[in-house]
There are 4 protein chains.
Amino acid sequence: MHPAIFKAMETANKGHVVGYGDDPYTEKAIAIFKKEFGEKTEVFFVFNGTGANVLSLSTVTQSWHSVICADTSHIEEDECGAPEKFTGCKLLPVQSVNGKITPDAIKHHLKGFDFEHHSQPAVISISQVTELGTVYTPNEIKALANLAHKNNMLLHMDGARIANAAIALNMSFKTFTKDCGVDILSFGGTKNGMMMGESVLFFNPELAKNTKYIRKQSMQLYSKMRFVGAQFLAYFENELWNDTAAHANRMAKLLETEIKKIPEIKITQNVEANGIFAVVPREIIEPLQKKFFFYVWDEMASEVRWMTSFDTTEQEIIEFVDLIKKLLSTKN
Amino acid sequence: MHPAIFKAMETANKGHVVGYGDDPYTEKAIAIFKKEFGEKTEVFFVFNGTGANVLSLSTVTQSWHSVICADTSHIEEDECGAPEKFTGCKLLPVQSVNGKITPDAIKHHLKGFDFEHHSQPAVISISQVTELGTVYTPNEIKALANLAHKNNMLLHMDGARIANAAIALNMSFKTFTKDCGVDILSFGGTKNGMMMGESVLFFNPELAKNTKYIRKQSMQLYSKMRFVGAQFLAYFENELWNDTAAHANRMAKLLETEIKKIPEIKITQNVEANGIFAVVPREIIEPLQKKFFFYVWDEMASEVRWMTSFDTTEQEIIEFVDLIKKLLSTKN
Amino acid sequence: MHPAIFKAMETANKGHVVGYGDDPYTEKAIAIFKKEFGEKTEVFFVFNGTGANVLSLSTVTQSWHSVICADTSHIEEDECGAPEKFTGCKLLPVQSVNGKITPDAIKHHLKGFDFEHHSQPAVISISQVTELGTVYTPNEIKALANLAHKNNMLLHMDGARIANAAIALNMSFKTFTKDCGVDILSFGGTKNGMMMGESVLFFNPELAKNTKYIRKQSMQLYSKMRFVGAQFLAYFENELWNDTAAHANRMAKLLETEIKKIPEIKITQNVEANGIFAVVPREIIEPLQKKFFFYVWDEMASEVRWMTSFDTTEQEIIEFVDLIKKLLSTKN
Amino acid sequence: MHPAIFKAMETANKGHVVGYGDDPYTEKAIAIFKKEFGEKTEVFFVFNGTGANVLSLSTVTQSWHSVICADTSHIEEDECGAPEKFTGCKLLPVQSVNGKITPDAIKHHLKGFDFEHHSQPAVISISQVTELGTVYTPNEIKALANLAHKNNMLLHMDGARIANAAIALNMSFKTFTKDCGVDILSFGGTKNGMMMGESVLFFNPELAKNTKYIRKQSMQLYSKMRFVGAQFLAYFENELWNDTAAHANRMAKLLETEIKKIPEIKITQNVEANGIFAVVPREIIEPLQKKFFFYVWDEMASEVRWMTSFDTTEQEIIEFVDLIKKLLSTKN
């Protein structure tokens, strides 16, 4: 958690306010989102990323719908089936290339419309930044939005790492979301310095008329919501999010530069945001994990995922790379 | 519906019996299944194939489980999301070859065990006959069962057309199901001459201790169950199922033979049971459908599915092929 | 199953028709319902009563809704939680008097509108005939419909025994359903001589735009639907339903007359249709059940439920009453 | 949020730890719970009270179960149907007296065991403190636990305000929960000075073998869980919870004393913890709410609920009472 976020929460802790979002912190934070994305945007704060995705999808689907997504997506791989459980929908995973899906890859799922035996395709869901650390270009997003809308479907974006994408694209949030045809956005804060808190945005308010009930029923309504509101206020003040995300992306680039010098390691994805994917000698993974926490992405391929964050330091990068080198030399 | 089936229902209509399965017809029919598959088999009658599959899966899964199946399977493609809705599980469609899935194709989904972020793989589900008219060999089934059991998973078989498979394999039902390691079997009757009625079989009775509640809650408990019991009695008497399925398979072979003589049509799958898949000139599909009902399987590929059944006649096959020839000649 | 119903099915068994309802029997049966209830009525056939109720409620609710019903209702007591499981809704059981609920009894549940912590009341559901054998008058139904509509709610009627109610009221079906403000009707056939089959009617077609997907997903779409269509055709032909229901009601009256002569037995509900509720000496229940099947309604109160049906004979009534007398005399 | 809680979070914010609970703060906090309730206790932290109740119930039920609870309970009235949605179970509300339910009031729901048409009673759920500010005695809890266990059911306690109950009873947490036969406990922190965070405790570890998956799937797994762990550490250190709850209860007593002096107001429930229920002249509610936030409990009865908390001051009580008096005098 970033210290400025912490300070904002401390301030918000003073005095009594009404619970469940009817407080000035939440109201101001919502106003900032409306300013950023347009006055008609409907804004709902939730606890976490899975909650944000489930609230997004629950709001716009019925159980006989299907949701098309990347096979690597968080909703497909990392939410223990929460989307299926809560929406009842079928998820249709599409083989992604570099974490991305394309109209071509999706096309074969756009069938069975009006045919009652078939789950009705209703949503395309993409992640920005993707789970493989890559970033959709505005044109790529537009193409998916057009395809969705042409088929009376909606485009959802899982923006758990959206700030890192904004830095990578050097664009305002709105430019590569709403302006590209995104209909529902999970706007993440937790992974970029907030203590917790995500925001679900609906750009068409008609969609969100009943979202408040769904948020409560999905256990995502926070009684002391001012503490999320206050965090988002700090997050946007002086563009704190920009500093933290830019730093994280920069650290990833630094790490990439250093890793590229090590011939035993092969970076497998373009480093576009704050994640690096690399195939490394299997033997060094465990000793490296003892000092630095990271996930093994693909056990069989010996591929790992290294994430940088707002508080990663250059010193840590250096120590990390040094340890890798040491482990490799010991090994040889 | 086969006339013998009808007659059995007429007989069952006489006199009063207790409802919901506590009647002599149901009891005798269950006894036949136990004789066929082993005394420990637990037997539950349901209305239809989707009901049978959902009852099978609901009984052995929790909502945080996943079910691996062919991308062409009925549970993935043709049940409007009933499995997800009712079980809450994630379905993991695997690219099938000729309608079949293999241990190799499945392997990449056997991961994330014990990792709470990931839906836990719990069931492999296959169809016999497959949706593409092909038939798993006993060895293919054993390999999948072994893989499942090694991972503490179960093997489910969707046997909506199981009689046609038994004919194709020339084996008893038990040989290529329970004896190959199948744990749960949707045993179909509707598609082979019954008016309606499927049976769900659990070969390990421990699995089925609560199935009766699930059947009721899934709206599959029939009040006048004797009419299903009576049908199954007739179905097994003098091996009626054998006659009807053998006839259907024979008609498919006849159709295959005739179609192969037509150079404009390309049969795309091995004809192993009672279904023929073929790519046909697009122009003849609609006029052909006006006389004979069939589904277009793949719109883009101009591929159709022709099914034969217990009451398909040689005469109909001839008329069907003649019409095709006529349409093709008109076209040229 | 009534012989005329059986004959209709035999006739329908001839020839090939398209499955899943796209056949002339289903179409004609739907036309009859439209003639009976108005051209705009949307009609969906399902397998059984629980299926009909769940399809009714699923179509018009979201999971954050609540459904108000009698504490004795089928959806509350006898469907093993299918409504909650499938709709996700909260059921609010209201203490019923003689099986009926009233605006006064419901009022305290009409609260929390627009308050996201509270399940939103969306449907009032009543049974006609009630589970206690009583019949709502048109005025009672109108009062509930008015209350529902005033609160933007809908009125559902579980008409599993609706034919017996029509006889009791001596009115057309439409008079005490649609004309009284009922919005959705589960129209039963199974309990009045059909082999199986219920119909779900939506009087406002806007409500039913997606019902076909829900029917399929709830496993209630019958592949050989002509056999339900054909039954309903026979059911309405020459008002067969009238004969069967009138007979059943008459037999109940006969039974009531005879039972009233027995001082040891106390009839607890008005006998308005085809059910009799009575408190009987505990000792005679089991021996009586050995010869005649019936349910114990209230174990503690020693209250039983006796149902008559289209094929109950006067002779059976006499034998039944004689056996009671014999058991009572043995006992004393 | 209590300042000591805040300080603990600040400390926890230093340094990197592994996410999702695999950190020393969470581990130590779990150890404290085990010390308090016994080593075998399984402990799961979640975001909020609704999440705690749903995780409790989901872990020990199947969708064909029913849960018996007070008609005033949070799970019945204030969670927008989350329990039904997530568990699929039927909730059976029982008329409560002073917020409590008794074996006698429950008994009529303990029926239909083994009968597949009936949702199977599986859990009795009570709230401690109740929603009406009253506190179950240990004997009352034991009686319910015995009834539950005799019927192979479990006893769940919603302890959102459990600290206030511990003060009221002057007992350790364990004494009136585990030692009285409670099986699953939602242990609240949010309402007694924490920023957020509740704990779900299972006293029989066998029950909780799969809870981790359910927590993730129900969107209640917090990535930065150390911030909940750290809060609970502070909460138990020097028995902070005791100070905050004792203060809140004391303030409620003070308020009660002052309110009793006002003849126009009638306190409707025993003031046993930190809530006061009172019928007040309708006219003063709105002007009073402009200065002090509280809920109207029963619109028709003009009954309100006033809650005190860890940071309510005597001064605030005095101002509140003075304003009431002023409003009443103006009115007359």
# chains A, B, ... in the order shown; residues from 1 in each chain; ligands from 1

$ residues_around --residues "Asn98 (chain A)" --least-positions-apart "5" --cutoff "9 Å" --atoms "only C-alpha atoms" --output "ChimeraX atom specification"
/A:130-134,268-270

$ select_by_dssp --residues "region 26-259 of chain D" --states "strand (DSSP E)" --output "ChimeraX atom specification"
/D:42-46,65-70,90-94,120-127,154-159,184-188,198-202

$ select_by_dssp --residues "region 28-187 of chain B" --states "helix (DSSP H, G or I)" --output "NGL selection string"
:B and (28-37 or 49-60 or 74-77 or 82-87 or 103-109 or 138-150 or 162-169 or 174-176 or 178-180)

$ interface_residues --of "chain B" --to "chain D" --cutoff "10 Å" --atoms "only C-alpha atoms" --output "number ranges by chain"
B: 20, 62-65, 86-88, 114-120, 210-218, 221

$ closest_residue --among "A:Val200, A:Leu92, A:Ala4, A:Leu169" --to "His108 (chain A)" --atoms "only C-alpha atoms"
A:Leu92

$ atom_distance --atom1 "CA of Asn164 (chain C)" --atom2 "CA of Gly21 (chain B)"
25.2 Å

$ residues_around --residues "region 229-240 of chain C" --least-positions-apart "4" --cutoff "10 Å" --atoms "only C-alpha atoms" --output "ChimeraX atom specification"
/C:1-13,21,23-33,36,45,189-190,192-199,224-225,244-246

$ write_last_selection --atoms "C-alpha atoms" --output "JSON list (two decimals), in the first residue's frame"
[["chain", "number", "residue", "atom", "x", "y", "z"],
["C", 1, "MET", "CA", -53.63, -41.90, -17.68],
["C", 2, "HIS", "CA", -57.05, -41.61, -19.30],
["C", 3, "PRO", "CA", -57.65, -44.00, -22.26],
["C", 4, "ALA", "CA", -58.50, -41.10, -24.58],
["C", 5, "ILE", "CA", -55.15, -39.55, -23.77],
["C", 6, "PHE", "CA", -53.49, -42.82, -24.54],
["C", 7, "LYS", "CA", -55.24, -43.13, -27.86],
["C", 8, "ALA", "CA", -54.11, -39.64, -28.84],
["C", 9, "MET", "CA", -50.52, -40.55, -28.17],
["C", 10, "GLU", "CA", -50.85, -43.68, -30.25],
["C", 11, "THR", "CA", -52.08, -41.62, -33.16],
["C", 12, "ALA", "CA", -49.30, -39.08, -32.72],
["C", 13, "ASN", "CA", -46.76, -41.86, -32.86],
["C", 21, "GLY", "CA", -42.05, -28.64, -30.48],
["C", 23, "ASP", "CA", -44.62, -30.24, -34.98],
["C", 24, "PRO", "CA", -48.35, -30.00, -35.81],
["C", 25, "TYR", "CA", -49.53, -31.57, -32.53],
["C", 26, "THR", "CA", -47.70, -29.03, -30.41],
["C", 27, "GLU", "CA", -48.79, -26.21, -32.68],
["C", 28, "LYS", "CA", -52.44, -27.18, -32.50],
["C", 29, "ALA", "CA", -52.28, -27.61, -28.75],
["C", 30, "ILE", "CA", -50.75, -24.17, -28.38],
["C", 31, "ALA", "CA", -53.53, -22.78, -30.56],
["C", 32, "ILE", "CA", -56.12, -24.25, -28.22],
["C", 33, "PHE", "CA", -54.48, -22.56, -25.24],
["C", 36, "GLU", "CA", -58.85, -20.41, -24.32],
["C", 45, "PHE", "CA", -44.97, -27.19, -22.43],
["C", 189, "GLY", "CA", -52.44, -31.84, -16.87],
["C", 190, "THR", "CA", -50.69, -34.73, -15.14],
["C", 192, "ASN", "CA", -56.12, -34.92, -14.19],
["C", 193, "GLY", "CA", -55.58, -37.85, -16.50],
["C", 194, "MET", "CA", -52.61, -36.97, -18.68],
["C", 195, "MET", "CA", -49.57, -39.17, -18.74],
["C", 196, "MET", "CA", -47.34, -36.19, -18.16],
["C", 197, "GLY", "CA", -47.15, -32.64, -19.29],
["C", 198, "GLU", "CA", -47.85, -29.21, -17.91],
["C", 199, "SER", "CA", -48.13, -25.91, -19.66],
["C", 224, "LYS", "CA", -40.51, -35.64, -28.70],
["C", 225, "MET", "CA", -42.83, -32.84, -27.69],
["C", 244, "THR", "CA", -62.28, -36.14, -15.45],
["C", 245, "ALA", "CA", -62.12, -33.26, -13.01],
["C", 246, "ALA", "CA", -65.85, -33.20, -12.39]]

$ residues_around --residues "region 201-205 of chain A" --least-positions-apart "6" --cutoff "12 Å" --atoms "only C-alpha atoms" --output "PDB file with N, CA and C atoms, in the first residue's frame"
ATOM      1  N   ILE A  30     -16.542   8.909  -6.675  1.00  0.00           N
ATOM      2  CA  ILE A  30     -17.401   8.610  -7.828  1.00  0.00           C
ATOM      3  C   ILE A  30     -17.374   9.786  -8.802  1.00  0.00           C
ATOM      4  N   PHE A  33     -14.400   9.601 -11.026  1.00  0.00           N
ATOM      5  CA  PHE A  33     -14.568   8.622 -12.104  1.00  0.00           C
ATOM      6  C   PHE A  33     -15.467   9.176 -13.210  1.00  0.00           C
ATOM      7  N   LYS A  34     -16.510   9.880 -12.812  1.00  0.00           N
ATOM      8  CA  LYS A  34     -17.411  10.452 -13.811  1.00  0.00           C
ATOM      9  C   LYS A  34     -16.698  11.513 -14.635  1.00  0.00           C
ATOM     10  N   GLU A  36     -13.558  11.514 -15.254  1.00  0.00           N
ATOM     11  CA  GLU A  36     -12.571  10.804 -16.083  1.00  0.00           C
ATOM     12  C   GLU A  36     -13.237  10.103 -17.272  1.00  0.00           C
ATOM     13  N   PHE A  37     -14.416   9.551 -17.042  1.00  0.00           N
ATOM     14  CA  PHE A  37     -15.019   8.675 -18.061  1.00  0.00           C
ATOM     15  C   PHE A  37     -16.314   9.220 -18.655  1.00  0.00           C
ATOM     16  N   GLY A  38     -16.809  10.335 -18.136  1.00  0.00           N
ATOM     17  CA  GLY A  38     -18.077  10.854 -18.637  1.00  0.00           C
ATOM     18  C   GLY A  38     -19.138  10.812 -17.561  1.00  0.00           C
ATOM     19  N   GLU A  39     -19.990  11.812 -17.566  1.00  0.00           N
ATOM     20  CA  GLU A  39     -20.955  11.996 -16.480  1.00  0.00           C
ATOM     21  C   GLU A  39     -21.943  10.842 -16.348  1.00  0.00           C
ATOM     22  N   LYS A  40     -22.198  10.166 -17.472  1.00  0.00           N
ATOM     23  CA  LYS A  40     -23.218   9.119 -17.425  1.00  0.00           C
ATOM     24  C   LYS A  40     -22.702   7.796 -16.865  1.00  0.00           C
ATOM     25  N   THR A  41     -21.406   7.750 -16.619  1.00  0.00           N
ATOM     26  CA  THR A  41     -20.823   6.508 -16.116  1.00  0.00           C
ATOM     27  C   THR A  41     -21.402   6.133 -14.753  1.00  0.00           C
ATOM     28  N   GLU A  42     -21.791   4.883 -14.617  1.00  0.00           N
ATOM     29  CA  GLU A  42     -22.234   4.392 -13.309  1.00  0.00           C
ATOM     30  C   GLU A  42     -21.069   3.681 -12.639  1.00  0.00           C
ATOM     31  N   VAL A  43     -20.847   3.989 -11.369  1.00  0.00           N
ATOM     32  CA  VAL A  43     -19.640   3.563 -10.667  1.00  0.00           C
ATOM     33  C   VAL A  43     -19.997   2.748  -9.419  1.00  0.00           C
ATOM     34  N   PHE A  44     -19.394   1.596  -9.286  1.00  0.00           N
ATOM     35  CA  PHE A  44     -19.638   0.738  -8.111  1.00  0.00           C
ATOM     36  C   PHE A  44     -18.312   0.244  -7.542  1.00  0.00           C
ATOM     37  N   PHE A  45     -18.062   0.556  -6.277  1.00  0.00           N
ATOM     38  CA  PHE A  45     -16.840   0.069  -5.645  1.00  0.00           C
ATOM     39  C   PHE A  45     -17.067  -1.327  -5.071  1.00  0.00           C
ATOM     40  N   VAL A  46     -16.045  -2.145  -5.203  1.00  0.00           N
ATOM     41  CA  VAL A  46     -16.104  -3.499  -4.643  1.00  0.00           C
ATOM     42  C   VAL A  46     -14.787  -3.812  -3.952  1.00  0.00           C
ATOM     43  N   ALA A  52     -15.006  -7.620  -8.816  1.00  0.00           N
ATOM     44  CA  ALA A  52     -15.273  -6.648  -9.887  1.00  0.00           C
ATOM     45  C   ALA A  52     -15.686  -7.360 -11.172  1.00  0.00           C
ATOM     46  N   ASN A  53     -14.985  -8.419 -11.515  1.00  0.00           N
ATOM     47  CA  ASN A  53     -15.325  -9.135 -12.739  1.00  0.00           C
ATOM     48  C   ASN A  53     -16.697  -9.802 -12.633  1.00  0.00           C
ATOM     49  N   LEU A  55     -19.192  -8.928 -10.670  1.00  0.00           N
ATOM     50  CA  LEU A  55     -20.247  -7.910 -10.687  1.00  0.00           C
ATOM     51  C   LEU A  55     -20.465  -7.400 -12.119  1.00  0.00           C
ATOM     52  N   SER A  56     -19.381  -7.205 -12.844  1.00  0.00           N
ATOM     53  CA  SER A  56     -19.496  -6.763 -14.248  1.00  0.00           C
ATOM     54  C   SER A  56     -20.343  -7.743 -15.043  1.00  0.00           C
ATOM     55  N   LEU A  57     -19.962  -9.003 -14.971  1.00  0.00           N
ATOM     56  CA  LEU A  57     -20.627 -10.007 -15.805  1.00  0.00           C
ATOM     57  C   LEU A  57     -22.044 -10.290 -15.315  1.00  0.00           C
ATOM     58  N   THR A  59     -24.101  -8.355 -13.954  1.00  0.00           N
ATOM     59  CA  THR A  59     -25.009  -7.263 -14.278  1.00  0.00           C
ATOM     60  C   THR A  59     -25.557  -7.367 -15.696  1.00  0.00           C
ATOM     61  N   VAL A  60     -24.771  -7.887 -16.599  1.00  0.00           N
ATOM     62  CA  VAL A  60     -25.175  -7.841 -18.012  1.00  0.00           C
ATOM     63  C   VAL A  60     -25.493  -9.202 -18.616  1.00  0.00           C
ATOM     64  N   LEU A 154     -21.761  -7.374 -25.669  1.00  0.00           N
ATOM     65  CA  LEU A 154     -21.074  -6.288 -24.974  1.00  0.00           C
ATOM     66  C   LEU A 154     -19.594  -6.633 -24.817  1.00  0.00           C
ATOM     67  N   LEU A 155     -18.791  -5.598 -24.645  1.00  0.00           N
ATOM     68  CA  LEU A 155     -17.361  -5.803 -24.414  1.00  0.00           C
ATOM     69  C   LEU A 155     -17.022  -5.420 -22.978  1.00  0.00           C
ATOM     70  N   HIS A 156     -16.489  -6.369 -22.265  1.00  0.00           N
ATOM     71  CA  HIS A 156     -16.030  -6.130 -20.892  1.00  0.00           C
ATOM     72  C   HIS A 156     -14.500  -6.124 -20.856  1.00  0.00           C
ATOM     73  N   MET A 157     -13.958  -5.209 -20.071  1.00  0.00           N
ATOM     74  CA  MET A 157     -12.506  -5.200 -19.881  1.00  0.00           C
ATOM     75  C   MET A 157     -12.177  -5.418 -18.412  1.00  0.00           C
ATOM     76  N   ASP A 158     -11.335  -6.429 -18.177  1.00  0.00           N
ATOM     77  CA  ASP A 158     -10.795  -6.667 -16.842  1.00  0.00           C
ATOM     78  C   ASP A 158      -9.545  -5.797 -16.705  1.00  0.00           C
ATOM     79  N   GLY A 159      -9.716  -4.666 -16.037  1.00  0.00           N
ATOM     80  CA  GLY A 159      -8.618  -3.710 -15.918  1.00  0.00           C
ATOM     81  C   GLY A 159      -7.917  -3.777 -14.567  1.00  0.00           C
ATOM     82  N   PHE A 173      -7.234   7.000 -19.537  1.00  0.00           N
ATOM     83  CA  PHE A 173      -8.018   5.761 -19.364  1.00  0.00           C
ATOM     84  C   PHE A 173      -9.158   5.704 -20.371  1.00  0.00           C
ATOM     85  N   LYS A 174      -9.825   6.806 -20.524  1.00  0.00           N
ATOM     86  CA  LYS A 174     -11.022   6.826 -21.371  1.00  0.00           C
ATOM     87  C   LYS A 174     -10.698   6.489 -22.825  1.00  0.00           C
ATOM     88  N   THR A 177     -10.641   2.773 -23.493  1.00  0.00           N
ATOM     89  CA  THR A 177     -11.735   1.963 -22.930  1.00  0.00           C
ATOM     90  C   THR A 177     -13.053   2.415 -23.570  1.00  0.00           C
ATOM     91  N   LYS A 178     -13.695   3.361 -22.904  1.00  0.00           N
ATOM     92  CA  LYS A 178     -14.989   3.829 -23.408  1.00  0.00           C
ATOM     93  C   LYS A 178     -14.909   4.282 -24.863  1.00  0.00           C
ATOM     94  N   ASP A 179     -13.879   5.045 -25.197  1.00  0.00           N
ATOM     95  CA  ASP A 179     -13.781   5.576 -26.563  1.00  0.00           C
ATOM     96  C   ASP A 179     -13.538   4.492 -27.596  1.00  0.00           C
ATOM     97  N   CYS A 180     -13.092   3.347 -27.158  1.00  0.00           N
ATOM     98  CA  CYS A 180     -12.884   2.220 -28.085  1.00  0.00           C
ATOM     99  C   CYS A 180     -14.065   1.267 -28.088  1.00  0.00           C
ATOM    100  N   GLY A 181     -15.090   1.569 -27.310  1.00  0.00           N
ATOM    101  CA  GLY A 181     -16.273   0.717 -27.344  1.00  0.00           C
ATOM    102  C   GLY A 181     -16.417  -0.232 -26.186  1.00  0.00           C
ATOM    103  N   VAL A 182     -15.517  -0.136 -25.209  1.00  0.00           N
ATOM    104  CA  VAL A 182     -15.693  -0.967 -24.006  1.00  0.00           C
ATOM    105  C   VAL A 182     -17.000  -0.556 -23.321  1.00  0.00           C
ATOM    106  N   ASP A 183     -17.788  -1.537 -22.893  1.00  0.00           N
ATOM    107  CA  ASP A 183     -19.075  -1.245 -22.249  1.00  0.00           C
ATOM    108  C   ASP A 183     -19.002  -1.310 -20.725  1.00  0.00           C
ATOM    109  N   ILE A 184     -18.225  -2.253 -20.231  1.00  0.00           N
ATOM    110  CA  ILE A 184     -18.111  -2.432 -18.776  1.00  0.00           C
ATOM    111  C   ILE A 184     -16.637  -2.594 -18.454  1.00  0.00           C
ATOM    112  N   LEU A 185     -16.199  -1.898 -17.416  1.00  0.00           N
ATOM    113  CA  LEU A 185     -14.784  -1.895 -17.069  1.00  0.00           C
ATOM    114  C   LEU A 185     -14.589  -2.223 -15.602  1.00  0.00           C
ATOM    115  N   SER A 186     -13.813  -3.287 -15.339  1.00  0.00           N
ATOM    116  CA  SER A 186     -13.305  -3.531 -13.984  1.00  0.00           C
ATOM    117  C   SER A 186     -12.043  -2.695 -13.842  1.00  0.00           C
ATOM    118  N   PHE A 187     -12.127  -1.643 -13.040  1.00  0.00           N
ATOM    119  CA  PHE A 187     -11.012  -0.710 -12.901  1.00  0.00           C
ATOM    120  C   PHE A 187     -10.275  -1.038 -11.602  1.00  0.00           C
ATOM    121  N   GLY A 188      -9.057  -1.528 -11.736  1.00  0.00           N
ATOM    122  CA  GLY A 188      -8.327  -2.025 -10.577  1.00  0.00           C
ATOM    123  C   GLY A 188      -7.546  -0.958  -9.844  1.00  0.00           C
ATOM    124  N   THR A 211     -27.633  -3.035 -10.525  1.00  0.00           N
ATOM    125  CA  THR A 211     -26.319  -3.482 -10.054  1.00  0.00           C
ATOM    126  C   THR A 211     -26.182  -3.395  -8.543  1.00  0.00           C
TER     127      THR A 211
END

$ residues_around --residues "Ala143 (chain A)" --least-positions-apart "2" --cutoff "12 Å" --atoms "only C-alpha atoms" --output "list in words"
Ile101, Thr102, Pro103, Asp104, Ile106, Ile124, Tyr136, Thr137, Pro138, Asn139, Glu140, Ile141, Ala145, Asn146, Leu147, Ala148, His149, Lys150, Leu155, Cys180, Gly181 and Val182 of chain A

$ residues_around --residues "Ser302 (chain C)" --least-positions-apart "3" --cutoff "7 Å" --atoms "only C-alpha atoms" --output "PyMOL selection string"
chain C and resi 279-282+298-299

$ residues_around --residues "Ile284 (chain D)" --least-positions-apart "6" --cutoff "8 Å" --atoms "only C-alpha atoms" --output "list in words"
Ile324, Leu327 and Leu328 of chain D
